[in-house]
Amino acid sequence: MSENALTRRSFLAGTAGVASLAAVGGFAGFNAWENAQAVEGAEKDLRLVHSLCNGCSSKCGFTAYTSKGKLLKQIGDLAHNDAQGKLCARGYGFANIAFSKDRLTDPLKRNDKGQFEKISWDQAYAEIADKLKEIIDGSGVESVALVHDPRPSGSYYGPRFMNALGSANIYTHGAACYASRKGGFKQVLGYGDWTSDVENSKMTMFIGRSYADGIKPSQLMSLQRAHENGSKIVLVDPRCNNTRPFATEWVPIKPGTDMALVLAMSCELVRTGNYDKDYVEANVEGFDQWWDYTRTCTPEWAEEITGVPADTICRLAADFAEAAPAASIEASWRAAFGCMYTNSGETARTVAIFNTLLGCWNQKGGAIFTPKPKWGDLDKSKFKSVPKVEAKPYGNSELKLGTESNCLMAAEGARKGDLKAMFFYNSNMVAGYQNPKYLGECLDNLDLCVVIDVQMSETAQHAHYILPECSYLERAEAPQLNGGMIPSISLRDQVLDVIHPNTRSCDKIYTELAEACGVGEYFQFTLEELSDAQLKSIGRSLDELRRVGTINLHDQAFKYGTKPKFSTDSGKIKFCNDAVLEYGYSAAPHWAEPSVAPNTDEYRLIAGKQSVQSHNQTVNVGTLMDISKEYGLERLWINPAVAEKIGVKDGDTVEMSNALHTGKIKVKVTERMSPWAVYMPSHYGCSVKEQTNAYNFGLRAMDFTEFRIEPGYGGSCNHENSVKLKKVNA
Ligand code: SF4
C-alpha cells in the first residue's frame with residue numbers, strides 16, 4: 001500500500017495533526033468549528049478525498065473527510081512535500097470560502113448605469129465572443145491579454161485559450177512577488193530560482209522574509225528543526241518579524257539598504273580571504289572587475305547606509321565563513337529583493353554573488369537547485385497542438401532583465417490603449433499592486449474586461465463581465481507537478497458537490513469560452529481525459545493519483561554535491577554582466593539608493609504577510625477575519641521613539657497620509673519595529689462592499705504607494721513610498 005493511501009488509522013492519526021497545527025497557528029477556534037460540522041452517523045457515510053488547499057499558491061495536499069455532503073475535517077497529507085502532514089491556519093480557515101454568503105453565484109454583466117445584473121452563461125459567452133472578435137478585427141490579437149494566478153487547471157487552460165486566439169500576452173503575479181529576485185539571479189547564474197536547505201544549514205540569513213508569517217507548513221517545520229539543530233538563523237529586517245522564536249539574531253536595517261549590507265559582507269569575506277577560492281576560480285567570470293568596486297564597500301561604509309554596526313557586519317561575515325558551505329542567504333519571495341524597491345533586482349544579484357563566495361551551491365545545508373518534473377508528449381490527435389505564437393508578450397522588450405512577462409506592463413498597455421481586452425483569472429490585480437486607483441483607471445480604459453473569480457473583488461468591480469467559478473473544494477483540477485528535493489505530482493480532486501448550481505470550474509469556463517470564440521477545436525477533451533493523458537505520459541494514471549493524492553518521484557530526487565549547470569551565455573557564474581548596462585546599472589553590482597527617500601518627518605511604510613491571512617485572498621473568510629479583529633492585527637507597528645515624537649501611545653489612533661491617500665489606523669507601539677519605518681499587514685483595507693467580513697477593516701498599504709516599475713527587472717516597488725503620521729485630534 002502507498003505511504004499515503006487512505007486508511008482508518010490515517011484518519012485517527014490525522015486528528016492529532018489538526019490539533020498540533022492549531023497550536024502552531026494559534027487557531028484556537030478550529031476545534032469549535034470542527035465540532036459544529038459534526039454529523040450524526042458520519043462514520044457510516046465517511047468519504048475521503050485527496051485534494052489541494054487554495055489558501056495560497058503553495059497548494060498543500062490534504063485529505064478531506066466528508067459525510068452526507070458536509071466537510072468534517074481536513075488533514076495535511078504526509079506525502080505532500082509542502083504539507084508534510086499539516087495545513088496552516090489559513091488553509092483550514094479558507095475552506096469556509098465554499099460556504100461564504102458573499103460568493104458570486106451567477107454570471108454578471110455591468111449595465112449602462114454601472115450596476116451588475118445577472119445574465120445567462122450563454123449570453124455571457126456570446127457577448128464576450130462578439131466583443132472579442134470586434135477587438136481582434138480592429139486592433140489585432142496582440143491587444144488581448146490574460147492576467148492570472150493560476151492553479152493546476154488554470155495553468156493549462158488559460159495559456160492554451162490565449163495561444164489558441166493567437167495572443168502571447170499571458171501574465172502572472174510575478175511583478176509583485178518575485179520579478180526582481182528571479183531577474184537578478186538570472187543575470188548571475190542563468191537561473192531564476194534556488195532553495196535554501198534551511199533544515200541542514202549551519203547558518204541561514206533571511207532578508208526581509210519571514211517563514212513564520214508566510215507559514216508554509218514544511219518551511220516552518222524545517223525552520224524548527226534547524227533551530228533545534230543549533231543552526232544560526234539571522235533575520236535582517238526593519239521589523240523583528242514572527243520568525244523570531246526560531247531566530248538566533250535580529251539585525252534591524254534601514255529599509256531598502258540590504259544591497260549595501262550584502263556588498264559589505266562580500267567585501268569582508270574576500271578581504272579576510274574567507275571565501276571559497278577554489279570554487280570561485282573554477283566557476284566565476286568577472287571576479288577582478290567585481291572586486292575593483294566591491295573592495296570599497298567596507299563594513300564602515302555600509303554602517304552609514306544601513307544602520308547596521310560595522311562590527312556586526314564583520315561578525316556576520318565571519319560566521320558565514322565558518323558555516324560555509326552549509327550556509328546561505330535565503331532566496332526570498334515578495335520581500336526586500338523580491339520586488340520591493342528600485343534596487344531589488346541589483347540586490348538579488350549581490351545575494352547570488354555572496355552565496356557563490358560561500359561555495360554553497362548544491363551543498364548540504366547550502367543553496368540548492370531542486371529538480372522540476374515535466375509531462376511527456378500527449379496524443380496530438382486528441383490534444384491538438386496550438387500553433388506557436390511568434391510574438392513576444394506586450395511589454396517584454398522593455399524589461400529584458402526579467403524572466404517572464406509582466407502584468408504591470410499590461411496595465412500600462414491598457415492605460416495607453418495598446419491593450420483593449422483583458423481576462424483576469426483568480427487575480428485581484430487592482431488591490432494587490434501599487435496604487436489601486438491608478439490600476440482601476442487603467443482597466444476602465446479597456447473595451448472588454450472579463451473576470452473569473454469566486455467572489456467580488458476590487459478588480460471585478462472594473463469588469464464588463466464576471467464569470468463565477470465554483471470554489472476549489474467543489475472542483476477537480478488537472479494534476480499538479482511539484483519541484484522539490486523529491487519532485488512529485490499531486491491532485492486537487494473534488495471534495496464537495498457544487499453548492500451554487502450556476503457556478504462552473506475554470507476548465508469548463510475556458511472550454512466553453514473557446515467554443516464561443518471559434519477556437520473550440522483545441523479543447524476537444526474532458527478534464528478527466530487530460531489528467532489521465534498527462535499522467536500516462538510519465539507512466540502513471542489518474543486512478544493511482546486519486547488513491548494516494550501525491551506521488552513522489554524518487555527516481556528524480558535531488559542529490560547533494562552535484563555540479564549545477566549554470567545557464568549563462570558562458571556557462572560561468574557572472575560577477576559582472578554587461579546586459580544590465582542598458583538600464584543604467586553597472587556591470588558589477590554597484591550600490592544604488594532606493595528611489596524614495598522619506599524626509600525627517602516622514603516614514604517608509606513597509607508591508608507584509610501575517611500567518612492567518614494570504615494577501616487579499618483570504619481576508620473575507622469570517623473565521624480568519626475574526627482572528628484579525630480579535631487580536632487587532634490590522635494595527636500599524638511603530639517604534640517607541642516614533643510614538644514619542646508624534647505623541648501617541650499603544651492603541652491610539654493616528655492619521656497616516658501622503659499625496660495619494662489618507663486614513664486612520666490604530667498603532668501598536670513596539671521595540672520590534674525599528675525607528676526607520678512603520679509596518680502594516682499587506683492584505684487589509686478591502687474596498688469591496690460585497691466582501692462583508694473584510695470591507696473597510698484596516699488600511700491598504702498599496703493605497704499609499706505610487707505605481708512604479710523597477711527598470712529592467714519589472715518589480716512592483718511596493719516599498720517605494722513615504723507617509724506622515726499625526727495623532728488624531730492632535
Ligand atoms: S501554506 Fe497554508 S494556505 Fe498555503 S496552501 Fe499550504 S495550507 Fe494552504
# chains A, B, ... in the order shown; residues from 1 in each chain; ligands from 1
>>> residues_near_ligand(ligand="ligand 1", cutoff="6 Å", atoms="only C-alpha atoms and all ligand atoms", output="NGL selection string")
:A and (53-60 or 87-88 or 90-91 or 215-217)
>>> select_by_dssp(residues="segment 508-682 of chain A", states="strand (DSSP E or B)", output="PyMOL selection string")
chain A and resi 550-552+573-574+603-608+610+613+636-638+653-657+662-669+673+677-681
>>> closest_residue(among="A:Tyr560, A:Tyr433, A:Tyr472, A:Trp301", to="Ile709 of chain A", atoms="only C-alpha atoms")
A:Tyr433
>>> closest_residue(among="A:Trp361, A:Tyr92, A:Trp250, A:Trp121", to="Pro501 of chain A", atoms="only C-alpha atoms")
A:Trp121
>>> residues_around(residues="Ser67 of chain A", least_positions_apart="3", cutoff="7 Å", atoms="only C-alpha atoms", output="ChimeraX atom specification")
/A:42,45-47,70-72
>>> atom_distance(atom1="atom CA of Gly647 of chain A", atom2="atom CA of Ala659 of chain A")
22.7 Å
>>> residues_around(residues="segment 416-419 of chain A", least_positions_apart="4", cutoff="9 Å", atoms="only C-alpha atoms", output="list in words")
Ser139, Glu142, Ser143, Val144, Ala145, Tyr394, Ala410, Ala411, Glu412, Cys442, Asn445, Leu446 and Asp447 of chain A
>>> write_last_selection(atoms="N, CA, C and O atoms", output="PDB file, in the first residue's frame")
ATOM      1  N   SER A 139      -8.046  45.789 -33.792  1.00  0.00           N
ATOM      2  CA  SER A 139      -6.749  46.147 -33.181  1.00  0.00           C
ATOM      3  C   SER A 139      -5.746  45.001 -33.173  1.00  0.00           C
ATOM      4  O   SER A 139      -4.620  45.168 -32.690  1.00  0.00           O
ATOM      5  N   GLU A 142      -2.936  40.942 -30.692  1.00  0.00           N
ATOM      6  CA  GLU A 142      -1.911  41.386 -29.732  1.00  0.00           C
ATOM      7  C   GLU A 142      -2.468  42.391 -28.729  1.00  0.00           C
ATOM      8  O   GLU A 142      -1.801  42.786 -27.781  1.00  0.00           O
ATOM      9  N   SER A 143      -3.722  42.804 -28.923  1.00  0.00           N
ATOM     10  CA  SER A 143      -4.341  43.724 -27.958  1.00  0.00           C
ATOM     11  C   SER A 143      -5.158  42.961 -26.897  1.00  0.00           C
ATOM     12  O   SER A 143      -5.900  43.558 -26.132  1.00  0.00           O
ATOM     13  N   VAL A 144      -5.018  41.621 -26.879  1.00  0.00           N
ATOM     14  CA  VAL A 144      -5.781  40.785 -25.935  1.00  0.00           C
ATOM     15  C   VAL A 144      -4.810  40.166 -24.914  1.00  0.00           C
ATOM     16  O   VAL A 144      -3.722  39.718 -25.289  1.00  0.00           O
ATOM     17  N   ALA A 145      -5.186  40.158 -23.636  1.00  0.00           N
ATOM     18  CA  ALA A 145      -4.263  39.660 -22.601  1.00  0.00           C
ATOM     19  C   ALA A 145      -5.004  38.901 -21.508  1.00  0.00           C
ATOM     20  O   ALA A 145      -6.207  39.093 -21.308  1.00  0.00           O
ATOM     21  N   TYR A 394       3.314  41.553 -24.660  1.00  0.00           N
ATOM     22  CA  TYR A 394       3.369  43.013 -24.620  1.00  0.00           C
ATOM     23  C   TYR A 394       4.215  43.460 -23.424  1.00  0.00           C
ATOM     24  O   TYR A 394       4.017  43.005 -22.303  1.00  0.00           O
ATOM     25  N   ALA A 410       1.263  45.242 -18.702  1.00  0.00           N
ATOM     26  CA  ALA A 410      -0.066  45.050 -19.296  1.00  0.00           C
ATOM     27  C   ALA A 410      -1.017  46.154 -18.831  1.00  0.00           C
ATOM     28  O   ALA A 410      -1.813  46.687 -19.620  1.00  0.00           O
ATOM     29  N   ALA A 411      -0.929  46.525 -17.539  1.00  0.00           N
ATOM     30  CA  ALA A 411      -1.774  47.608 -17.036  1.00  0.00           C
ATOM     31  C   ALA A 411      -1.457  48.905 -17.779  1.00  0.00           C
ATOM     32  O   ALA A 411      -2.365  49.651 -18.187  1.00  0.00           O
ATOM     33  N   GLU A 412      -0.167  49.154 -17.969  1.00  0.00           N
ATOM     34  CA  GLU A 412       0.235  50.345 -18.723  1.00  0.00           C
ATOM     35  C   GLU A 412      -0.277  50.268 -20.161  1.00  0.00           C
ATOM     36  O   GLU A 412      -0.690  51.274 -20.752  1.00  0.00           O
ATOM     37  N   CYS A 442      -6.625  52.244 -15.281  1.00  0.00           N
ATOM     38  CA  CYS A 442      -6.075  51.501 -16.436  1.00  0.00           C
ATOM     39  C   CYS A 442      -7.139  50.544 -16.983  1.00  0.00           C
ATOM     40  O   CYS A 442      -7.382  50.483 -18.202  1.00  0.00           O
ATOM     41  N   ASN A 445     -10.099  51.756 -19.024  1.00  0.00           N
ATOM     42  CA  ASN A 445      -9.808  52.144 -20.404  1.00  0.00           C
ATOM     43  C   ASN A 445     -10.001  50.994 -21.390  1.00  0.00           C
ATOM     44  O   ASN A 445      -9.900  51.187 -22.598  1.00  0.00           O
ATOM     45  N   LEU A 446     -10.267  49.802 -20.849  1.00  0.00           N
ATOM     46  CA  LEU A 446     -10.417  48.626 -21.729  1.00  0.00           C
ATOM     47  C   LEU A 446     -11.785  48.614 -22.405  1.00  0.00           C
ATOM     48  O   LEU A 446     -12.782  49.076 -21.837  1.00  0.00           O
ATOM     49  N   ASP A 447     -11.820  48.025 -23.596  1.00  0.00           N
ATOM     50  CA  ASP A 447     -13.115  47.812 -24.262  1.00  0.00           C
ATOM     51  C   ASP A 447     -13.793  46.545 -23.737  1.00  0.00           C
ATOM     52  O   ASP A 447     -15.010  46.386 -23.859  1.00  0.00           O
TER      53      ASP A 447
END
>>> residues_around(residues="Arg244 of chain A", least_positions_apart="6", cutoff="9 Å", atoms="only C-alpha atoms", output="PDB file with all heavy atoms, in the first residue's frame")
ATOM      1  N   SER A 210       9.874  36.295   6.102  1.00  0.00           N
ATOM      2  CA  SER A 210       9.504  35.642   7.356  1.00  0.00           C
ATOM      3  C   SER A 210       8.775  34.343   7.070  1.00  0.00           C
ATOM      4  O   SER A 210       7.615  34.345   6.674  1.00  0.00           O
ATOM      5  CB  SER A 210       8.607  36.566   8.181  1.00  0.00           C
ATOM      6  OG  SER A 210       8.125  35.882   9.308  1.00  0.00           O
ATOM      7  N   ALA A 212       7.664  32.361   9.238  1.00  0.00           N
ATOM      8  CA  ALA A 212       6.583  32.171  10.204  1.00  0.00           C
ATOM      9  C   ALA A 212       5.385  33.069   9.911  1.00  0.00           C
ATOM     10  O   ALA A 212       4.332  32.902  10.515  1.00  0.00           O
ATOM     11  CB  ALA A 212       7.090  32.412  11.617  1.00  0.00           C
ATOM     12  N   LEU A 235      17.735  37.098  11.092  1.00  0.00           N
ATOM     13  CA  LEU A 235      16.671  37.865  10.429  1.00  0.00           C
ATOM     14  C   LEU A 235      17.165  39.277  10.183  1.00  0.00           C
ATOM     15  O   LEU A 235      17.415  40.016  11.144  1.00  0.00           O
ATOM     16  CB  LEU A 235      15.416  37.927  11.298  1.00  0.00           C
ATOM     17  CG  LEU A 235      14.853  36.617  11.852  1.00  0.00           C
ATOM     18  CD1 LEU A 235      13.612  36.899  12.693  1.00  0.00           C
ATOM     19  CD2 LEU A 235      14.525  35.659  10.717  1.00  0.00           C
ATOM     20  N   TRP A 250      18.222  39.084  15.469  1.00  0.00           N
ATOM     21  CA  TRP A 250      17.529  40.047  14.604  1.00  0.00           C
ATOM     22  C   TRP A 250      18.499  41.185  14.303  1.00  0.00           C
ATOM     23  O   TRP A 250      19.050  41.781  15.231  1.00  0.00           O
ATOM     24  CB  TRP A 250      16.279  40.591  15.305  1.00  0.00           C
ATOM     25  CG  TRP A 250      15.633  41.754  14.600  1.00  0.00           C
ATOM     26  CD1 TRP A 250      15.449  41.901  13.253  1.00  0.00           C
ATOM     27  CD2 TRP A 250      15.083  42.942  15.195  1.00  0.00           C
ATOM     28  NE1 TRP A 250      14.821  43.095  12.962  1.00  0.00           N
ATOM     29  CE2 TRP A 250      14.583  43.757  14.143  1.00  0.00           C
ATOM     30  CE3 TRP A 250      14.961  43.395  16.509  1.00  0.00           C
ATOM     31  CZ2 TRP A 250      13.976  44.996  14.365  1.00  0.00           C
ATOM     32  CZ3 TRP A 250      14.343  44.629  16.739  1.00  0.00           C
ATOM     33  CH2 TRP A 250      13.865  45.418  15.677  1.00  0.00           C
TER      34      TRP A 250
END
>>> residues_around(residues="Gln187 of chain A", least_positions_apart="4", cutoff="9 Å", atoms="only C-alpha atoms", output="CSV table (one decimal) with all heavy atoms, in the first residue's frame")
chain,number,residue,atom,x,y,z
A,182,LYS,N,14.2,36.9,-9.4
A,182,LYS,CA,14.4,35.9,-10.5
A,182,LYS,C,15.3,36.6,-11.5
A,182,LYS,O,16.2,36.0,-12.1
A,182,LYS,CB,13.1,35.5,-11.1
A,182,LYS,CG,12.4,34.4,-10.3
A,182,LYS,CD,11.4,33.7,-11.2
A,182,LYS,CE,10.8,32.5,-10.5
A,182,LYS,NZ,9.9,31.7,-11.4
A,183,GLY,N,15.0,37.9,-11.8
A,183,GLY,CA,15.8,38.6,-12.8
A,183,GLY,C,17.2,38.7,-12.4
A,183,GLY,O,18.2,38.5,-13.1
A,191,TYR,N,19.9,31.1,-13.9
A,191,TYR,CA,18.7,30.6,-13.3
A,191,TYR,C,17.9,31.6,-12.6
A,191,TYR,O,18.6,32.6,-12.0
A,191,TYR,CB,18.9,29.5,-12.3
A,191,TYR,CG,19.6,28.2,-12.7
A,191,TYR,CD1,20.8,27.9,-12.2
A,191,TYR,CD2,19.0,27.4,-13.6
A,191,TYR,CE1,21.4,26.7,-12.6
A,191,TYR,CE2,19.6,26.3,-14.0
A,191,TYR,CZ,20.8,25.9,-13.5
A,191,TYR,OH,21.4,24.8,-13.9
A,192,GLY,N,16.6,31.5,-12.4
A,192,GLY,CA,15.9,32.4,-11.6
A,192,GLY,C,15.5,31.9,-10.2
A,192,GLY,O,14.9,32.6,-9.4
A,349,ARG,N,21.2,40.3,-7.4
A,349,ARG,CA,22.5,40.0,-8.0
A,349,ARG,C,23.6,39.8,-6.9
A,349,ARG,O,24.4,38.9,-6.9
A,349,ARG,CB,22.9,41.1,-9.0
A,349,ARG,CG,22.4,40.8,-10.4
A,349,ARG,CD,23.3,41.3,-11.4
A,349,ARG,NE,23.6,42.7,-11.5
A,349,ARG,CZ,24.6,43.3,-12.1
A,349,ARG,NH1,25.6,42.5,-12.6
A,349,ARG,NH2,24.8,44.6,-12.1
A,401,LEU,N,15.7,42.3,-18.4
A,401,LEU,CA,16.4,41.6,-17.3
A,401,LEU,C,15.4,40.6,-16.5
A,401,LEU,O,15.9,39.8,-15.7
A,401,LEU,CB,17.0,42.6,-16.3
A,401,LEU,CG,17.9,43.6,-16.9
A,401,LEU,CD1,18.4,44.6,-15.9
A,401,LEU,CD2,19.1,43.0,-17.7
A,568,THR,N,24.1,30.6,-18.0
A,568,THR,CA,24.5,31.9,-18.6
A,568,THR,C,25.1,31.7,-20.0
A,568,THR,O,25.4,30.5,-20.3
A,568,THR,CB,25.6,32.6,-17.7
A,568,THR,OG1,26.7,31.6,-17.5
A,568,THR,CG2,25.0,32.9,-16.3
A,573,ILE,N,29.5,31.5,-13.7
A,573,ILE,CA,28.7,32.5,-12.8
A,573,ILE,C,29.3,33.9,-13.0
A,573,ILE,O,30.5,34.1,-12.9
A,573,ILE,CB,28.9,32.1,-11.3
A,573,ILE,CG1,28.4,30.6,-11.1
A,573,ILE,CG2,28.2,33.0,-10.4
A,573,ILE,CD1,28.8,30.1,-9.7
A,574,LYS,N,28.4,34.8,-13.4
A,574,LYS,CA,28.8,36.1,-13.8
A,574,LYS,C,28.8,37.1,-12.7
A,574,LYS,O,27.7,37.6,-12.3
A,574,LYS,CB,27.9,36.6,-15.0
A,574,LYS,CG,28.1,35.7,-16.2
A,574,LYS,CD,27.1,36.1,-17.3
A,574,LYS,CE,27.6,37.2,-18.2
A,574,LYS,NZ,28.2,36.7,-19.4
A,575,PHE,N,30.0,37.5,-12.2
A,575,PHE,CA,30.0,38.5,-11.2
A,575,PHE,C,29.9,39.9,-11.9
A,575,PHE,O,29.6,40.9,-11.2
A,575,PHE,CB,31.4,38.5,-10.4
A,575,PHE,CG,31.4,37.5,-9.3
A,575,PHE,CD1,30.5,36.4,-9.3
A,575,PHE,CD2,32.2,37.7,-8.2
A,575,PHE,CE1,30.5,35.5,-8.2
A,575,PHE,CE2,32.2,36.8,-7.1
A,575,PHE,CZ,31.4,35.7,-7.1
A,576,CYS,N,30.1,39.9,-13.2
A,576,CYS,CA,29.8,41.1,-14.0
A,576,CYS,C,29.0,40.7,-15.2
A,576,CYS,O,29.2,39.7,-15.7
A,576,CYS,CB,31.1,41.7,-14.5
A,576,CYS,SG,32.1,42.4,-13.2
A,577,ASN,N,28.0,41.6,-15.5
A,577,ASN,CA,27.2,41.3,-16.7
A,577,ASN,C,26.8,42.6,-17.4
A,577,ASN,O,26.2,43.4,-16.8
A,577,ASN,CB,25.9,40.5,-16.2
A,577,ASN,CG,25.2,39.9,-17.3
A,577,ASN,OD1,25.3,40.4,-18.5
A,577,ASN,ND2,24.4,38.9,-17.0
A,579,ALA,N,24.8,43.0,-19.7
A,579,ALA,CA,23.4,43.1,-20.1
A,579,ALA,C,22.6,44.1,-19.3
A,579,ALA,O,21.6,44.6,-19.7
A,579,ALA,CB,22.7,41.7,-19.9
A,580,VAL,N,23.1,44.4,-18.1
A,580,VAL,CA,22.4,45.4,-17.2
A,580,VAL,C,22.7,46.8,-17.5
A,580,VAL,O,22.0,47.7,-17.1
A,580,VAL,CB,22.7,45.1,-15.7
A,580,VAL,CG1,22.4,43.7,-15.3
A,580,VAL,CG2,24.1,45.5,-15.3
>>> residues_around(residues="Gln115 of chain A", least_positions_apart="5", cutoff="10 Å", atoms="only C-alpha atoms", output="compact mmCIF listing (two decimals) with N, CA and C atoms, in the first residue's frame")
# COMPACT_ATOMS: atom_id res chain seq x y z
N LEU A 108 -22.40 37.79 -14.36
CA LEU A 108 -22.86 39.17 -14.21
C LEU A 108 -22.36 40.03 -15.37
N LYS A 109 -23.19 41.01 -15.73
CA LYS A 109 -22.80 41.98 -16.76
C LYS A 109 -23.00 43.38 -16.20
N ARG A 110 -22.02 44.25 -16.45
CA ARG A 110 -22.18 45.64 -15.97
C ARG A 110 -23.05 46.39 -16.98
N GLN A 461 -14.77 44.79 -9.87
CA GLN A 461 -15.59 46.00 -9.93
C GLN A 461 -15.39 46.76 -11.24
N HIS A 464 -16.45 44.22 -17.28
CA HIS A 464 -17.72 44.26 -18.03
C HIS A 464 -18.51 42.99 -17.76
>>> select_by_dssp(residues="segment 276-365 of chain A", states="helix (DSSP H, G or I)", output="ChimeraX atom specification")
/A:277-283,287-294,299-306,310-323,344-358
>>> closest_residue(among="A:Thr705, A:Ser167, A:Asn696, A:Asn482", to="Ala421 of chain A", atoms="only C-alpha atoms")
A:Ser167
>>> closest_residue(among="A:Glu630, A:Asp507, A:Glu346, A:Asp193", to="Leu530 of chain A", atoms="only C-alpha atoms")
A:Asp507
>>> atom_distance(atom1="atom CA of Ser628 of chain A", atom2="atom CA of His462 of chain A")
27.8 Å
>>> closest_residue(among="A:Ser457, A:Tyr465, A:Met485, A:Asp569", to="Ala694 of chain A", atoms="only C-alpha atoms")
A:Ser457
